[in-house]
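Right, one structure below, let's go through it.
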Amino acid sequence: MNAFNDIIRINSEKRFGKPCVRDTRITVYDVLGWLSAGMTYDDIIADFPELTQQDILACLAFAAQREPAICLK
């Protein structure tokens, strides 16, 4: 079982089926975008108190699993 299964949910009726954090409308891609823009976990949680550090880590784990493995030859 993946560490994010209880946190990341896909509902075809919410945000066009994009993976979201629990029952919020915050997508994995929203969180990744904020992190790539330089926001810290604390910044994100301050702006979106419904999120936890565990939620952010679940977004990262979800994205990491979706990224295909790179084989070095």
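Residues are referred to by chain and number: the chain letter is A, B, ... according to the order shown in the structure tokens, the number counts from 1 in that chain, and ligands are numbered separately from 1 in the order shown.
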
Open item on the list: So that I can check the surroundings of Ile8 in chain A, please list as a ChimeraX atom specification every protein, DNA and RNA residue that reaches within 9 Å of it, counting only C-alpha atoms and ignoring chain neighbours fewer than 5 positions away.
Closed with: /A:19-23,27-28,55,58-59,62

Task: strand (DSSP E) per DSSP on the backbone: members of chain A, as a ChimeraX atom specification - done: /A:8-10,19-21

Open item on the list: I need the residues in chain A that are alpha helix (DSSP H) according to DSSP; give them as a ChimeraX atom specification.
Closed with: /A:28-36,41-47,53-66

Only C-alpha atoms, please: the residues just picked out, written as a compact mmCIF listing (two decimals), in the first residue's frame.
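As a result, out.txt now contains:
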# COMPACT_ATOMS: atom_id res chain seq x y z
CA VAL A 28 -1.31 17.56 -5.94
CA TYR A 29 -0.23 19.88 -8.76
CA ASP A 30 -1.20 22.96 -6.72
CA VAL A 31 1.07 21.81 -3.90
CA LEU A 32 3.93 20.94 -6.26
CA GLY A 33 3.60 24.34 -7.90
CA TRP A 34 3.79 26.14 -4.57
CA LEU A 35 6.87 24.15 -3.57
CA SER A 36 8.57 24.81 -6.90
CA TYR A 41 5.82 23.72 4.14
CA ASP A 42 5.10 26.33 6.80
CA ASP A 43 4.17 28.93 4.14
CA ILE A 44 1.73 26.53 2.50
CA ILE A 45 0.16 25.48 5.80
CA ALA A 46 -0.17 29.13 6.86
CA ASP A 47 -2.01 29.94 3.62
CA GLN A 53 2.89 18.47 6.55
CA GLN A 54 1.80 14.85 6.03
CA ASP A 55 -0.50 16.02 3.20
CA ILE A 56 2.40 17.81 1.50
CA LEU A 57 4.62 14.74 1.84
CA ALA A 58 1.81 12.62 0.38
CA CYS A 59 1.72 14.92 -2.66
CA LEU A 60 5.45 14.45 -3.13
CA ALA A 61 5.15 10.67 -2.75
CA PHE A 62 2.28 10.58 -5.25
CA ALA A 63 4.30 12.59 -7.79
CA ALA A 64 7.39 10.46 -7.25
CA GLN A 65 5.46 7.27 -7.93
CA ARG A 66 3.93 8.73 -11.08

Task: Interatomic distance (Å, one decimal) between CA of Met39 in chain A and CA of Asn5 in chain A - done: 24.4 Å

Set the distance at 12 Å and use only C-alpha atoms: which residues neighbour Arg25 in chain A once local chain neighbours fewer than 6 positions away are removed? I'd like the list as a PDB file with N, CA and C atoms, in the first residue's frame.
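Done, and the output landed in result16.pdb:
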ATOM      1  N   ILE A   8      -4.416  11.183  -0.804  1.00  0.00           N
ATOM      2  CA  ILE A   8      -4.647  11.643  -2.181  1.00  0.00           C
ATOM      3  C   ILE A   8      -5.832  10.885  -2.751  1.00  0.00           C
ATOM      4  N   ARG A   9      -6.819  11.624  -3.220  1.00  0.00           N
ATOM      5  CA  ARG A   9      -8.043  11.016  -3.749  1.00  0.00           C
ATOM      6  C   ARG A   9      -8.357  11.583  -5.126  1.00  0.00           C
ATOM      7  N   ILE A  10      -8.902  10.734  -5.957  1.00  0.00           N
ATOM      8  CA  ILE A  10      -9.314  11.156  -7.289  1.00  0.00           C
ATOM      9  C   ILE A  10     -10.820  10.978  -7.389  1.00  0.00           C
ATOM     10  N   ASN A  11     -11.497  12.078  -7.671  1.00  0.00           N
ATOM     11  CA  ASN A  11     -12.955  12.084  -7.804  1.00  0.00           C
ATOM     12  C   ASN A  11     -13.256  12.775  -9.127  1.00  0.00           C
ATOM     13  N   SER A  12     -13.872  12.057 -10.021  1.00  0.00           N
ATOM     14  CA  SER A  12     -14.135  12.604 -11.360  1.00  0.00           C
ATOM     15  C   SER A  12     -15.030  13.844 -11.330  1.00  0.00           C
ATOM     16  N   GLU A  13     -15.730  14.054 -10.222  1.00  0.00           N
ATOM     17  CA  GLU A  13     -16.615  15.214 -10.115  1.00  0.00           C
ATOM     18  C   GLU A  13     -15.963  16.407  -9.417  1.00  0.00           C
ATOM     19  N   LYS A  14     -14.697  16.279  -9.069  1.00  0.00           N
ATOM     20  CA  LYS A  14     -13.994  17.359  -8.372  1.00  0.00           C
ATOM     21  C   LYS A  14     -12.717  17.684  -9.132  1.00  0.00           C
ATOM     22  N   ARG A  15     -12.548  18.950  -9.496  1.00  0.00           N
ATOM     23  CA  ARG A  15     -11.347  19.449 -10.173  1.00  0.00           C
ATOM     24  C   ARG A  15     -11.016  18.616 -11.417  1.00  0.00           C
ATOM     25  N   PHE A  16     -12.048  18.213 -12.131  1.00  0.00           N
ATOM     26  CA  PHE A  16     -11.915  17.469 -13.394  1.00  0.00           C
ATOM     27  C   PHE A  16     -11.159  16.162 -13.231  1.00  0.00           C
ATOM     28  N   GLY A  17     -11.273  15.546 -12.057  1.00  0.00           N
ATOM     29  CA  GLY A  17     -10.642  14.251 -11.823  1.00  0.00           C
ATOM     30  C   GLY A  17      -9.168  14.314 -11.480  1.00  0.00           C
ATOM     31  N   LYS A  18      -8.652  15.508 -11.218  1.00  0.00           N
ATOM     32  CA  LYS A  18      -7.249  15.615 -10.818  1.00  0.00           C
ATOM     33  C   LYS A  18      -7.105  15.105  -9.385  1.00  0.00           C
ATOM     34  N   PRO A  19      -5.954  14.528  -9.050  1.00  0.00           N
ATOM     35  CA  PRO A  19      -5.752  14.041  -7.688  1.00  0.00           C
ATOM     36  C   PRO A  19      -5.735  15.188  -6.686  1.00  0.00           C
ATOM     37  N   VAL A  31       0.032  21.898  -4.930  1.00  0.00           N
ATOM     38  CA  VAL A  31       1.065  21.808  -3.900  1.00  0.00           C
ATOM     39  C   VAL A  31       2.456  21.779  -4.535  1.00  0.00           C
ATOM     40  N   PHE A  48      -2.982  27.721   3.741  1.00  0.00           N
ATOM     41  CA  PHE A  48      -4.027  26.703   3.601  1.00  0.00           C
ATOM     42  C   PHE A  48      -4.026  25.826   4.852  1.00  0.00           C
ATOM     43  N   GLU A  50      -5.977  23.943   6.187  1.00  0.00           N
ATOM     44  CA  GLU A  50      -6.584  22.619   6.095  1.00  0.00           C
ATOM     45  C   GLU A  50      -5.560  21.557   5.701  1.00  0.00           C
ATOM     46  N   LEU A  51      -4.365  21.987   5.276  1.00  0.00           N
ATOM     47  CA  LEU A  51      -3.306  21.056   4.911  1.00  0.00           C
ATOM     48  C   LEU A  51      -2.374  20.823   6.092  1.00  0.00           C
TER      49      LEU A  51
END
